[in-house]
$ cat model_14.txt   # compact mmCIF, C-alpha atoms
# COMPACT_ATOMS: atom_id res chain seq x y z
CA MET A 8 50.49 -5.92 24.45
CA LYS A 9 51.89 -8.18 21.71
CA VAL A 10 48.43 -9.63 21.15
CA LYS A 11 46.89 -6.16 20.82
CA PHE A 12 49.56 -5.15 18.33
CA SER A 13 49.00 -8.27 16.25
CA ILE A 14 45.24 -7.71 16.22
CA ILE A 15 45.74 -4.14 14.95
CA ILE A 16 48.06 -5.38 12.19
CA LEU A 17 45.52 -8.10 11.30
CA ILE A 18 42.68 -5.56 11.01
CA LEU A 19 44.81 -3.20 8.92
CA ALA A 20 45.78 -6.06 6.59
CA LEU A 21 42.11 -7.03 6.12
CA VAL A 22 41.08 -3.42 5.42
CA PHE A 23 43.94 -3.09 2.94
CA ILE A 24 42.90 -6.23 1.06
CA GLY A 25 39.27 -5.08 0.95
CA ASN A 26 40.29 -1.73 -0.52
CA GLN A 27 42.48 -3.43 -3.13
CA ALA A 28 39.52 -5.53 -4.24
CA GLU A 29 37.25 -2.44 -4.45
CA ALA A 30 39.81 -0.56 -6.51
CA GLN A 31 40.32 -3.47 -8.91
CA CYS A 32 36.58 -3.89 -9.32
CA LYS A 33 36.23 -0.16 -10.04
CA ARG A 34 38.86 -0.32 -12.79
CA PHE A 35 37.27 -3.42 -14.28
CA THR A 36 33.84 -1.71 -14.34
CA GLN A 37 35.26 1.49 -15.80
CA LYS A 38 37.11 -0.23 -18.61
CA ASN A 39 34.88 -3.17 -19.50
CA CYS A 40 31.35 -2.21 -18.55
CA LEU A 41 30.63 1.52 -18.66
CA PRO A 42 31.55 1.98 -22.37
CA ALA A 43 29.03 -0.73 -23.35
CA LEU A 44 26.19 1.32 -21.82
CA SER A 45 26.32 3.84 -24.68
CA PRO A 46 24.01 5.45 -25.93
CA TYR A 47 22.49 5.31 -22.45
CA THR A 48 23.75 7.62 -19.67
CA ASN A 49 25.06 5.84 -16.60
CA ASN A 50 23.10 6.76 -13.46
CA GLY A 51 26.33 7.34 -11.55
CA GLN A 52 25.84 4.61 -8.99
CA ILE A 53 28.09 1.75 -8.04
CA ASN A 54 26.62 -1.69 -7.57
CA SER A 55 29.58 -3.98 -7.64
CA THR A 56 30.78 -6.78 -5.46
CA THR A 57 33.07 -9.79 -5.50
CA LEU A 58 31.28 -13.11 -5.96
CA TYR A 59 32.36 -16.75 -5.99
CA GLU A 60 31.07 -19.44 -8.32
CA GLY A 61 27.75 -20.56 -6.88
CA ASP A 62 27.05 -17.17 -5.26
CA SER A 63 24.20 -14.84 -6.09
CA ALA A 64 23.49 -11.18 -5.48
CA ALA A 65 20.26 -9.21 -5.46
CA LEU A 66 19.58 -5.59 -6.26
CA ASN A 67 16.37 -3.69 -5.63
CA MET A 68 15.84 -0.51 -7.55
CA THR A 69 13.20 1.93 -8.75
CA PHE A 70 12.66 2.56 -12.46
CA TYR A 71 10.82 5.62 -13.83
CA SER A 72 8.08 5.13 -16.39
CA LEU A 73 9.15 8.03 -18.62
CA LEU A 74 12.68 6.80 -19.23
CA GLU A 75 14.21 3.96 -21.19
CA TYR A 76 16.80 1.83 -19.38
CA ARG A 77 19.69 -0.47 -20.16
CA LEU A 78 20.41 -2.88 -17.32
CA MET A 79 23.81 -4.52 -17.65
CA VAL A 80 25.42 -7.23 -15.58
CA CYS A 81 29.14 -7.35 -16.11
CA THR A 82 31.12 -10.29 -14.74
CA HIS A 83 34.85 -10.87 -14.74
CA PRO A 84 35.86 -13.65 -17.23
CA VAL A 85 37.29 -15.73 -14.36
CA LEU A 86 33.68 -16.49 -13.36
CA GLY A 87 33.00 -18.15 -16.72
CA ASP A 88 30.22 -17.32 -19.15
CA GLY A 89 27.35 -18.98 -17.31
CA ALA A 90 26.36 -15.93 -15.25
CA PHE A 91 22.79 -14.76 -15.78
CA PHE A 92 20.28 -12.34 -14.28
CA ARG A 93 16.54 -12.33 -13.65
CA VAL A 94 14.29 -9.29 -13.26
CA LYS A 95 11.16 -9.64 -11.11
CA ASP A 96 8.44 -7.21 -10.13
CA ASN A 97 7.28 -6.59 -6.57
CA ASP A 98 4.82 -9.47 -6.79
CA GLY A 99 7.59 -11.89 -7.74
CA GLU A 100 6.55 -12.16 -11.39
CA ILE A 101 9.56 -12.74 -13.67
CA LEU A 102 9.72 -10.01 -16.31
CA TYR A 103 12.98 -11.08 -17.90
CA SER A 104 15.65 -13.73 -17.58
CA SER A 105 18.94 -13.75 -19.46
CA GLU A 106 19.49 -17.46 -18.72
CA GLY A 107 20.60 -19.25 -21.90
CA LYS A 108 20.44 -16.02 -23.93
CA ASN A 109 24.20 -15.30 -23.81
CA LYS A 110 23.45 -11.60 -23.34
CA ASN A 111 24.64 -9.38 -20.50
CA HIS A 112 22.16 -6.54 -20.90
CA TRP A 113 18.47 -5.82 -21.31
CA ASP A 114 16.88 -2.65 -22.72
CA PHE A 115 13.38 -1.89 -21.42
CA LYS A 116 10.77 0.57 -20.18
CA VAL A 117 8.19 0.14 -17.42
CA ASN A 118 4.47 0.89 -17.76
CA SER A 119 4.49 2.70 -14.41
CA THR A 120 7.29 3.73 -12.09
CA GLN A 121 8.05 0.74 -9.90
CA ASP A 122 10.59 -1.21 -7.91
CA LEU A 123 12.13 -4.18 -9.64
CA HIS A 124 14.20 -6.92 -8.08
CA ILE A 125 17.29 -8.10 -9.95
CA ASP A 126 18.93 -11.43 -9.12
CA VAL A 127 22.40 -12.20 -10.45
CA VAL A 128 23.45 -15.84 -10.36
CA ILE A 129 26.98 -17.20 -10.84
CA PRO A 130 26.46 -20.94 -11.38
CA GLU A 131 28.90 -23.53 -10.07
CA ASN A 132 31.16 -24.92 -12.76
CA ALA A 133 30.59 -28.69 -12.58
CA GLU A 134 33.62 -29.43 -14.77
CA SER A 135 36.08 -27.50 -12.64
CA VAL A 136 38.84 -29.66 -11.22
CA SER A 137 40.23 -27.05 -8.84
CA ASP A 138 39.30 -27.21 -5.18
CA MET A 139 39.27 -23.40 -4.98
CA PRO A 140 36.12 -21.76 -6.41
CA PRO A 141 37.19 -18.71 -8.45
CA SER A 142 36.00 -15.27 -7.37
CA GLY A 143 35.65 -12.14 -9.45
CA CYS A 144 34.10 -8.75 -9.81
CA VAL A 145 30.40 -8.47 -10.67
CA SER A 146 28.93 -5.07 -11.54
CA ILE A 147 25.26 -4.30 -12.05
CA ILE A 148 25.13 -1.02 -13.92
CA LEU A 149 22.27 1.03 -15.23
CA GLY A 150 21.96 3.51 -18.06
CA PHE A 151 19.00 5.70 -18.91
CA LYS A 152 17.80 7.85 -21.79
CA GLU A 153 14.66 9.78 -22.70
CA MET B 3 48.97 -20.01 22.22
CA THR B 4 46.55 -17.20 21.30
CA TYR B 5 49.43 -14.91 20.50
CA ARG B 6 51.08 -17.54 18.26
CA PHE B 7 47.80 -18.14 16.43
CA ILE B 8 47.19 -14.43 15.80
CA THR B 9 50.79 -13.96 14.71
CA ILE B 10 50.54 -16.79 12.17
CA ILE B 11 47.26 -15.47 10.78
CA THR B 12 48.65 -11.92 10.65
CA LEU B 13 51.78 -13.05 8.86
CA ALA B 14 49.75 -15.09 6.38
CA ILE B 15 47.47 -12.15 5.59
CA SER B 16 50.36 -9.71 5.41
CA VAL B 17 52.15 -11.93 2.91
CA LEU B 18 48.92 -12.14 0.92
CA ALA B 19 48.50 -8.37 1.06
CA ILE B 20 52.06 -7.76 -0.08
CA TRP B 21 51.63 -10.35 -2.85
CA SER B 22 48.38 -8.68 -3.91
CA CYS B 23 50.24 -5.34 -4.05
CA ASP B 24 53.18 -6.81 -5.83
CA SER B 25 51.07 -8.50 -8.48
CA GLU B 26 50.06 -5.03 -9.68
CA ALA B 27 53.41 -3.41 -9.17
CA PRO B 28 54.92 -3.84 -12.64
CA GLU B 29 53.33 -0.83 -14.32
CA LYS B 30 49.61 -1.19 -13.64
CA THR B 31 48.27 -1.98 -17.10
CA GLN B 32 44.51 -2.58 -17.26
CA ASP B 33 45.02 -6.11 -18.51
CA SER B 34 47.35 -7.10 -15.71
CA ILE B 35 44.88 -5.65 -13.24
CA GLU B 36 42.06 -7.68 -14.71
CA GLU B 37 44.04 -10.86 -14.59
CA SER B 38 44.70 -10.33 -10.90
CA LEU B 39 41.18 -9.54 -9.83
CA PRO B 40 40.13 -10.28 -6.23
CA ASP B 41 40.97 -13.76 -5.39
CA GLU B 42 42.46 -13.00 -2.00
CA LEU B 43 39.99 -14.91 0.15
CA ASN B 44 40.77 -18.49 -0.73
CA ILE B 45 37.95 -20.77 0.30
CA SER B 46 37.87 -24.38 -0.80
CA ARG B 47 34.73 -25.79 -2.41
CA SER B 48 34.12 -28.10 0.53
CA ASP B 49 34.44 -25.19 3.01
CA LYS B 50 32.15 -23.13 0.86
CA VAL B 51 29.37 -25.68 0.97
CA GLN B 52 29.77 -25.81 4.74
CA TYR B 53 29.81 -22.05 5.25
CA GLN B 54 27.65 -20.82 2.36
CA ARG B 55 27.74 -17.04 2.30
CA ALA B 56 24.58 -15.05 2.71
CA LYS B 57 23.15 -13.70 -0.52
CA ILE B 58 24.51 -10.21 -1.14
CA VAL B 59 21.79 -7.58 -1.31
CA LEU B 60 22.56 -4.22 -2.92
CA PHE B 61 20.46 -1.05 -3.06
CA SER B 62 20.17 1.51 -5.77
CA LEU B 63 18.08 4.64 -6.12
CA PRO B 64 17.15 6.68 -9.15
CA SER B 65 19.77 9.42 -9.46
CA PRO B 66 18.80 13.10 -9.20
CA MET B 67 19.71 13.31 -12.92
CA GLU B 68 16.94 10.82 -13.79
CA THR B 69 14.44 12.60 -11.54
CA ALA B 70 15.12 15.96 -13.21
CA LYS B 71 14.59 14.45 -16.69
CA VAL B 72 11.32 12.87 -15.58
CA LEU B 73 10.09 16.13 -14.04
CA LYS B 74 10.75 18.05 -17.25
CA LYS B 75 9.06 15.35 -19.34
CA SER B 76 6.01 15.66 -17.09
CA GLY B 77 5.62 19.34 -17.99
CA ALA B 78 7.39 20.96 -15.01
CA ILE B 79 8.78 24.46 -15.49
CA TYR B 80 12.01 26.06 -14.23
CA ASP B 81 11.81 28.31 -11.19
CA SER B 82 15.08 29.17 -9.45
CA LYS B 83 13.38 30.26 -6.26
CA TYR B 84 12.82 26.61 -5.29
CA LEU B 85 16.54 25.82 -5.45
CA ASN B 86 18.96 26.05 -2.54
CA PRO B 87 21.17 29.12 -3.15
CA VAL B 88 24.90 28.43 -3.30
CA GLU B 89 25.35 31.13 -0.63
CA ASN B 90 23.97 28.60 1.89
CA LEU B 91 27.12 26.54 1.44
CA ASP B 92 28.97 28.17 4.32
CA LYS B 93 26.22 27.32 6.80
CA HIS B 94 27.37 23.72 7.05
CA GLU B 95 30.26 22.83 9.27
CA THR B 96 29.80 19.10 9.82
CA SER B 97 30.49 16.29 7.37
CA LYS B 98 26.89 15.15 7.73
CA GLY B 99 25.48 18.58 6.81
CA ARG B 100 27.92 18.94 3.92
CA ALA B 101 27.08 15.49 2.53
CA ILE B 102 23.33 16.19 2.56
CA VAL B 103 23.83 19.59 0.93
CA MET B 104 26.09 17.99 -1.66
CA GLY B 105 23.11 15.78 -2.63
CA ILE B 106 20.81 18.81 -2.63
CA TYR B 107 23.15 20.65 -5.03
CA VAL B 108 23.37 17.59 -7.31
CA ALA B 109 19.57 17.71 -7.60
CA ASP B 110 19.56 21.50 -8.15
CA LEU B 111 22.26 21.23 -10.81
CA SER B 112 20.37 18.40 -12.55
CA TYR B 113 17.18 20.49 -12.56
CA ALA B 114 19.01 23.62 -13.83
CA ASN B 115 20.71 21.58 -16.54
CA VAL B 116 17.57 20.06 -18.05
CA PHE B 117 16.30 23.64 -18.44
CA LYS B 118 19.69 24.77 -19.88
CA GLN B 119 20.44 27.29 -17.11
CA GLN B 120 24.18 27.74 -17.74
CA GLN B 121 24.99 30.23 -14.99
CA ALA B 122 23.17 28.15 -12.37
CA CYS B 123 25.02 25.04 -13.59
CA MET B 124 28.39 26.78 -13.21
CA ASP B 125 27.47 28.02 -9.73
CA TYR B 126 26.35 24.59 -8.54
CA PHE B 127 29.39 22.83 -10.00
CA ALA B 128 31.60 25.32 -8.12
CA ALA B 129 29.65 24.71 -4.88
CA MET B 130 29.91 20.94 -5.33
CA SER B 131 33.63 21.20 -5.97
CA GLU B 132 34.08 23.11 -2.68
CA LEU B 133 31.97 20.57 -0.80
CA ALA B 134 33.90 17.67 -2.36
CA ASN B 135 37.14 19.14 -1.02
CA GLU B 136 35.62 19.57 2.43
CA LEU B 137 34.43 15.95 2.32
CA SER B 138 37.97 14.84 1.33
CA LEU B 139 36.85 13.61 -2.08
CA SER B 140 40.11 14.40 -3.80
CA GLU B 141 39.53 12.37 -6.97
CA VAL B 142 36.23 13.96 -7.97
CA PHE B 143 36.83 17.56 -9.01
CA THR B 144 40.37 17.56 -10.33
CA LYS B 145 41.78 20.62 -12.11
CA GLU B 146 41.47 18.89 -15.51
CA PHE B 147 37.89 17.87 -14.79
CA ILE B 148 36.85 21.43 -13.85
CA GLU B 149 38.48 22.78 -17.04
CA LYS B 150 36.51 20.29 -19.15
CA VAL B 151 33.26 21.28 -17.41
CA ASP B 152 33.95 25.00 -17.98
CA GLU B 153 34.63 24.43 -21.68
CA ASN B 154 31.37 22.53 -22.20
CA ILE B 155 28.99 24.23 -19.79
CA SER B 156 26.67 25.36 -22.63
CA ASN B 157 25.97 21.80 -23.76
CA GLU B 158 23.21 20.02 -21.79
CA ASP B 159 24.42 16.53 -22.71
CA SER B 160 28.01 17.35 -21.75
CA VAL B 161 26.93 18.79 -18.40
CA LEU B 162 24.86 15.64 -17.76
CA LYS B 163 27.88 13.51 -18.67
CA TYR B 164 30.19 15.41 -16.30
CA LEU B 165 27.63 15.47 -13.53
CA THR B 166 27.12 11.71 -13.83
CA GLU B 167 30.88 11.19 -13.92
CA SER B 168 31.41 13.25 -10.77
CA TYR B 169 28.56 11.43 -9.01
CA TRP B 170 30.10 8.08 -10.01
CA ARG B 171 33.58 9.13 -8.88
CA ALA B 172 32.25 10.40 -5.53
CA ASN B 173 30.31 7.17 -4.90
CA ASN B 174 33.39 5.14 -5.86
CA GLU B 175 35.79 7.05 -3.65
CA LEU B 176 33.40 6.81 -0.70
CA LYS B 177 32.98 3.07 -1.23
CA GLU B 178 36.73 2.51 -1.47
CA ASP B 179 37.28 4.52 1.71
CA ASP B 180 34.57 2.60 3.59
CA ARG B 181 32.47 5.77 3.85
CA GLU B 182 29.37 4.48 2.10
CA SER B 183 27.12 6.05 4.73
CA VAL B 184 28.30 9.45 3.41
CA ALA B 185 27.13 8.31 -0.04
CA GLY B 186 23.81 7.47 1.65
CA LEU B 187 23.53 11.03 2.99
CA ILE B 188 24.31 12.46 -0.46
CA ALA B 189 21.62 10.22 -2.00
CA ALA B 190 19.14 11.27 0.69
CA GLY B 191 19.86 14.97 0.11
CA GLY B 192 19.35 14.54 -3.63
CA TRP B 193 16.10 12.67 -3.18
CA ILE B 194 14.64 15.20 -0.70
CA GLU B 195 15.51 18.14 -2.97
CA GLY B 196 13.99 16.43 -6.03
CA LEU B 197 10.75 15.85 -4.13
CA TYR B 198 10.80 19.40 -2.73
CA ILE B 199 11.12 20.89 -6.23
CA ALA B 200 8.35 18.65 -7.58
CA THR B 201 5.95 19.48 -4.72
CA HIS B 202 6.44 23.20 -5.38
CA LEU B 203 5.72 22.98 -9.08
CA ILE B 204 2.17 21.66 -8.75
CA ASN B 205 -1.21 23.03 -7.84
CA PRO B 206 -2.37 20.70 -5.02
CA GLN B 207 -5.97 21.19 -6.19
CA ASN B 208 -5.25 19.81 -9.66
CA MET B 209 -5.03 16.05 -9.35
CA ASP B 210 -4.67 15.67 -13.13
CA ASP B 211 -1.27 17.35 -13.17
CA PRO B 212 1.23 14.68 -14.35
CA VAL B 213 3.75 15.99 -11.78
CA THR B 214 1.29 14.86 -9.06
CA GLU B 215 1.67 11.31 -10.35
CA ARG B 216 5.46 11.72 -10.27
CA ILE B 217 5.19 12.69 -6.59
CA ALA B 218 3.05 9.65 -5.77
CA GLU B 219 5.61 7.41 -7.48
CA GLN B 220 8.28 8.62 -5.08
CA GLY B 221 6.76 6.37 -2.39
CA ALA B 222 8.58 3.40 -3.94
CA THR B 223 11.92 5.24 -4.01
CA LEU B 224 11.41 6.43 -0.44
CA LYS B 225 11.14 2.84 0.79
CA GLN B 226 14.37 1.95 -1.03
CA LEU B 227 16.10 5.00 0.43
CA ILE B 228 15.09 4.11 4.00
CA LYS B 229 16.25 0.51 3.51
CA PHE B 230 19.54 1.73 2.07
CA LEU B 231 20.20 4.17 4.94
CA SER B 232 19.11 1.61 7.54
CA SER B 233 21.68 -0.85 6.19
CA PHE B 234 24.37 1.29 7.91
CA ARG B 235 23.11 0.21 11.33
CA ASP B 236 25.73 1.74 13.54
CA ASP B 237 25.98 5.13 11.96
CA LYS B 238 24.44 7.69 14.32
CA ASN B 239 24.74 10.40 11.65
CA LEU B 240 21.91 8.74 9.77
CA LEU B 241 19.42 8.35 12.61
CA ASP B 242 17.85 11.83 12.30
CA ILE B 243 17.38 11.68 8.58
CA ILE B 244 15.95 8.13 8.74
CA LYS B 245 13.43 9.34 11.35
CA ASP B 246 12.44 12.27 9.12
CA LEU B 247 12.02 10.01 6.11
CA GLU B 248 9.93 7.53 8.10
CA LYS B 249 7.48 10.33 8.96
CA LEU B 250 7.16 11.01 5.26
CA GLU B 251 6.81 7.28 4.54
CA LYS B 252 3.73 7.11 6.80
CA LEU B 253 2.07 9.74 4.60
CA PHE B 254 3.10 8.05 1.35
CA ASP B 255 1.65 4.79 2.66
CA LYS B 256 -1.78 6.45 2.75
CA ILE B 257 -1.81 7.02 -1.02
CA GLU B 258 -4.24 4.56 -2.59
CA VAL B 259 -2.63 2.51 -5.36
CA GLU B 260 -4.51 0.41 -7.88
CA LYS B 261 -2.40 -2.06 -9.85
CA VAL B 262 -3.55 -2.98 -13.33
CA ARG B 263 -2.05 -5.97 -15.14
CA VAL B 264 -0.76 -5.04 -18.61
CA GLU B 265 0.59 -7.55 -21.12
CA ALA B 266 4.28 -7.08 -21.90
CA SER B 267 4.76 -5.36 -25.23
CA THR B 268 7.39 -3.59 -27.32
CA ASP B 269 7.48 0.06 -28.34
CA GLU B 270 8.01 1.42 -31.86
CA ASN B 271 11.79 0.88 -31.53
CA GLY B 272 11.42 -2.72 -30.43
CA VAL B 273 12.20 -1.96 -26.77
CA ALA B 274 10.37 -4.14 -24.22
CA VAL B 275 7.69 -2.40 -22.11
CA VAL B 276 6.97 -4.36 -18.94
CA GLY B 277 5.39 -4.23 -15.50
CA LYS B 278 2.00 -3.40 -14.09
CA LYS B 279 0.32 -0.05 -14.56
CA LYS B 280 -0.39 1.87 -11.35
CA VAL B 281 -3.11 4.42 -10.66
CA TYR B 282 -2.70 6.67 -7.60
CA LYS B 283 -5.34 8.46 -5.52
CA PHE B 284 -4.72 11.13 -2.86
CA LYS B 285 -7.61 11.48 -0.42
CA GLY B 286 -8.48 14.64 1.54
CA THR B 287 -5.50 16.78 2.45
CA LEU B 288 -2.94 14.02 1.90
CA LEU B 289 -1.13 15.72 -0.98
CA GLN B 290 -0.92 18.99 0.96
CA ASP B 291 0.34 17.07 4.03
CA ILE B 292 3.10 15.51 1.92
CA ILE B 293 4.00 18.93 0.51
CA ASP B 294 4.21 20.45 4.02
CA GLN B 295 6.18 17.57 5.49
CA THR B 296 8.65 17.61 2.59
CA LYS B 297 9.16 21.36 3.03
CA ASP B 298 9.84 20.95 6.78
CA ILE B 299 12.40 18.21 6.22
CA ARG B 300 14.15 19.96 3.35
CA ASN B 301 14.38 23.28 5.18
CA LYS B 302 15.95 21.53 8.14
CA TYR B 303 18.92 20.49 6.01
CA VAL B 304 19.59 23.44 3.65
$ encode --input "model_14.txt" --output "structure tokens"
Amino acid sequence: MKVKFSIIILILALVFIGNQAEAQCKRFTQKNCLPALSPYTNNGQINSTTLYEGDSAALNMTFYSLLEYRLMVCTHPVLGDGAFFRVKDNDGEILYSSEGKNKNHWDFKVNSTQDLHIDVVIPENAESVSDMPPSGCVSIILGFKE
Amino acid sequence: MTYRFITIITLAISVLAIWSCDSEAPEKTQDSIEESLPDELNISRSDKVQYQRAKIVLFSLPSPMETAKVLKKSGAIYDSKYLNPVENLDKHETSKGRAIVMGIYVADLSYANVFKQQQACMDYFAAMSELANELSLSEVFTKEFIEKVDENISNEDSVLKYLTESYWRANNELKEDDRESVAGLIAAGGWIEGLYIATHLINPQNMDDPVTERIAEQGATLKQLIKFLSSFRDDKNLLDIIKDLEKLEKLFDKIEVEKVRVEASTDENGVAVVGKKKVYKFKGTLLQDIIDQTKDIRNKYV
């Protein structure tokens, strides 16, 4: 009985923590990322997650040929400024990489409607002395315009 | 022993949870929130190397708002008879049905808005507001938000802004509440309705119609949509719609696609233009088969 009760409390605590992280990430995205999409209109979708240094995330999405897009990768400052993203087509050909460009967005159009694969990389910080890798919110947001 | 272990872990996590709460407690300013961003799962570097997390894979689909813009740019016209009347709202009594219809109305509203149909926009916003309440999405259509929409209903850009905002808020609230599969149903409803409208605006005999190319392009989005819905493995509410979409996928797979390599360039405004060019061919009755199948699926859910 006591064990069951403890398990329920444990699950509730984990759910609570997860929701806190989601809510914080939402506020971070709303304040720091969405305004920078202007003059593009946000597509209304949420692609955010919490990453650690050394982690990576991938996003697959379809882009229409008749629209112009701004792809933005917004990372919380705690993750440092080394984060970058790569955009590949379905055949694995790299169409863009922000590595070394110190830029968190890319404006582009596609010749034909197609799926593109976006990789976001949070490099390890070699100079860090802490034993705990920092974690923070990463949002991949998209704006479009005619 | 087991009990002691669970109790210790529970206490540790509870303390962490309370701390996490407390760190925001003193008047939640944005800056304090940012400084306390998720850091609750403390993993040491050595542990991390040992238990490297799997790469996180996210899915995203073009929104119904983008699809409507693309349809209009391709020469589509407005015809209200292809939209799902708001009177059909009361037909849906389950959360699943309501979520799919919510997506259908987002697509209808997007289509009405790009053709500046004010009355239709007002009607669909009202229907979406009712559905949002039924789906317990309390943060989406607040009183203030509805007032702002009413004041600006004649402005296409404002309506697009509010529609996008409500779509974003709904997705956010569903994600926070661990109800992402409901967001999946909304996305599926929106996608099906967009395709249904497009397939009814073309003459299947005229392969040169640019809207026909827009339909062929939906094959890529369909694959993303199926992957996205399939990622919620245990949700039985999604099984039917995944099955329906897979039938459609088999037809889309029959479209012949020729990829042509094009050098990356920039347009007149200096914006990069990338990716291969694709040329689509429908053989025999394939286009008509897609039109019929889309109609069957869509009519099942309205």
$ atom_distance --input "model_14.txt" --atom1 "atom CA of B:Ala200" --atom2 "atom CA of B:Thr296"
10.2 Å
$ closest_residue --input "model_14.txt" --among "B:Asn115, B:Ser232, B:Asn173, B:Gln295" --to "chain A" --atoms "all atoms listed in the file"
B:Asn173
$ closest_atom_pairs --input "model_14.txt" --of "stretch 72-145 of chain A" --to "stretch 57-61 of chain A" --cutoff "7 Å" --atoms "only C-alpha atoms" --output "CSV"
residue,atom,partner,partner_atom,distance
A:Leu86,CA,A:Glu60,CA,6.4
A:Ile129,CA,A:Gly61,CA,5.3
A:Pro130,CA,A:Gly61,CA,4.7
A:Glu131,CA,A:Gly61,CA,4.5
A:Pro140,CA,A:Glu60,CA,5.9
A:Pro141,CA,A:Tyr59,CA,5.8
A:Ser142,CA,A:Tyr59,CA,4.2
A:Gly143,CA,A:Thr57,CA,5.3
A:Cys144,CA,A:Thr57,CA,4.6
A:Val145,CA,A:Thr57,CA,6.0
$ write_last_selection --input "model_14.txt" --atoms "C-alpha atoms" --output "PDB file, in the frame of the given file"
ATOM      1  CA  LEU A  86      33.680 -16.490 -13.360  1.00  0.00           C
ATOM      2  CA  ILE A 129      26.980 -17.200 -10.840  1.00  0.00           C
ATOM      3  CA  PRO A 130      26.460 -20.940 -11.380  1.00  0.00           C
ATOM      4  CA  GLU A 131      28.900 -23.530 -10.070  1.00  0.00           C
ATOM      5  CA  PRO A 140      36.120 -21.760  -6.410  1.00  0.00           C
ATOM      6  CA  PRO A 141      37.190 -18.710  -8.450  1.00  0.00           C
ATOM      7  CA  SER A 142      36.000 -15.270  -7.370  1.00  0.00           C
ATOM      8  CA  GLY A 143      35.650 -12.140  -9.450  1.00  0.00           C
ATOM      9  CA  CYS A 144      34.100  -8.750  -9.810  1.00  0.00           C
ATOM     10  CA  VAL A 145      30.400  -8.470 -10.670  1.00  0.00           C
TER      11      VAL A 145
END
$ atom_distance --input "model_14.txt" --atom1 "atom CA of B:Ser97" --atom2 "atom CA of A:Ser55"
25.2 Å
$ residues_near_point --input "model_14.txt" --point "(-6.4, 2.9, -2.3)" --cutoff "9 Å" --atoms "all atoms listed in the file" --output "JSON, numbers by chain"
{"B": [256, 257, 258, 259, 260, 282, 283, 284, 285]}
$ residues_around --input "model_14.txt" --residues "A:Glu153" --least-positions-apart "4" --cutoff "8 Å" --atoms "all atoms listed in the file" --output "number ranges by chain"
A: 73-75; B: 71
$ residues_around --input "model_14.txt" --residues "A:Arg77" --least-positions-apart "6" --cutoff "8 Å" --atoms "only C-alpha atoms" --output "CSV table (one decimal) with C-alpha atoms, in the frame of the given file"
chain,number,residue,atom,x,y,z
A,44,LEU,CA,26.2,1.3,-21.8
A,47,TYR,CA,22.5,5.3,-22.4
A,112,HIS,CA,22.2,-6.5,-20.9
A,113,TRP,CA,18.5,-5.8,-21.3
A,114,ASP,CA,16.9,-2.6,-22.7
A,115,PHE,CA,13.4,-1.9,-21.4
A,149,LEU,CA,22.3,1.0,-15.2
A,150,GLY,CA,22.0,3.5,-18.1
A,151,PHE,CA,19.0,5.7,-18.9
$ atom_distance --input "model_14.txt" --atom1 "atom CA of B:Val304" --atom2 "atom CA of B:Gly196"
13.2 Å
$ residues_around --input "model_14.txt" --residues "A:Asn118" --least-positions-apart "5" --cutoff "6 Å" --atoms "all atoms listed in the file" --output "list in words"
Ser72 of chain A; Val276, Gly277 and Lys279 of chain B
$ write_last_selection --input "model_14.txt" --atoms "C-alpha atoms" --output "PDB file, in the frame of the given file"
ATOM      1  CA  SER A  72       8.080   5.130 -16.390  1.00  0.00           C
TER       2      SER A  72
ATOM      3  CA  VAL B 276       6.970  -4.360 -18.940  1.00  0.00           C
ATOM      4  CA  GLY B 277       5.390  -4.230 -15.500  1.00  0.00           C
ATOM      5  CA  LYS B 279       0.320  -0.050 -14.560  1.00  0.00           C
TER       6      LYS B 279
END
$ residues_around --input "model_14.txt" --residues "B:Gly221" --least-positions-apart "5" --cutoff "8 Å" --atoms "only C-alpha atoms" --output "list of chain:residue names"
B:Glu251, B:Phe254, B:Asp255
$ residues_around --input "model_14.txt" --residues "A:Pro42" --least-positions-apart "6" --cutoff "12 Å" --atoms "all atoms listed in the file" --output "short mmCIF file (atom, residue, chain, number, x, y, z; two decimals) with C-alpha atoms, in the coordinates of the input"
data_model
loop_
_atom_site.label_atom_id
_atom_site.label_comp_id
_atom_site.auth_asym_id
_atom_site.auth_seq_id
_atom_site.Cartn_x
_atom_site.Cartn_y
_atom_site.Cartn_z
CA PHE A 35 37.27 -3.42 -14.28
CA THR A 36 33.84 -1.71 -14.34
CA THR A 48 23.75 7.62 -19.67
CA ASN A 49 25.06 5.84 -16.60
CA MET A 79 23.81 -4.52 -17.65
CA CYS A 81 29.14 -7.35 -16.11
CA ILE A 148 25.13 -1.02 -13.92
CA LEU A 149 22.27 1.03 -15.23
CA GLY A 150 21.96 3.51 -18.06
#
$ residues_near_point --input "model_14.txt" --point "(16.1, -12.3, -11.2)" --cutoff "9 Å" --atoms "only C-alpha atoms" --output "ChimeraX atom specification"
/A:65,91-95,101-105,124-128
$ closest_residue --input "model_14.txt" --among "A:Gln37, A:Gln31, A:Ser146, A:Asn111" --to "chain B" --atoms "all atoms listed in the file"
A:Gln31
$ closest_residue --input "model_14.txt" --among "A:Asn132, A:Asn97, A:Asn67, A:Asn109" --to "chain B" --atoms "only C-alpha atoms"
A:Asn67
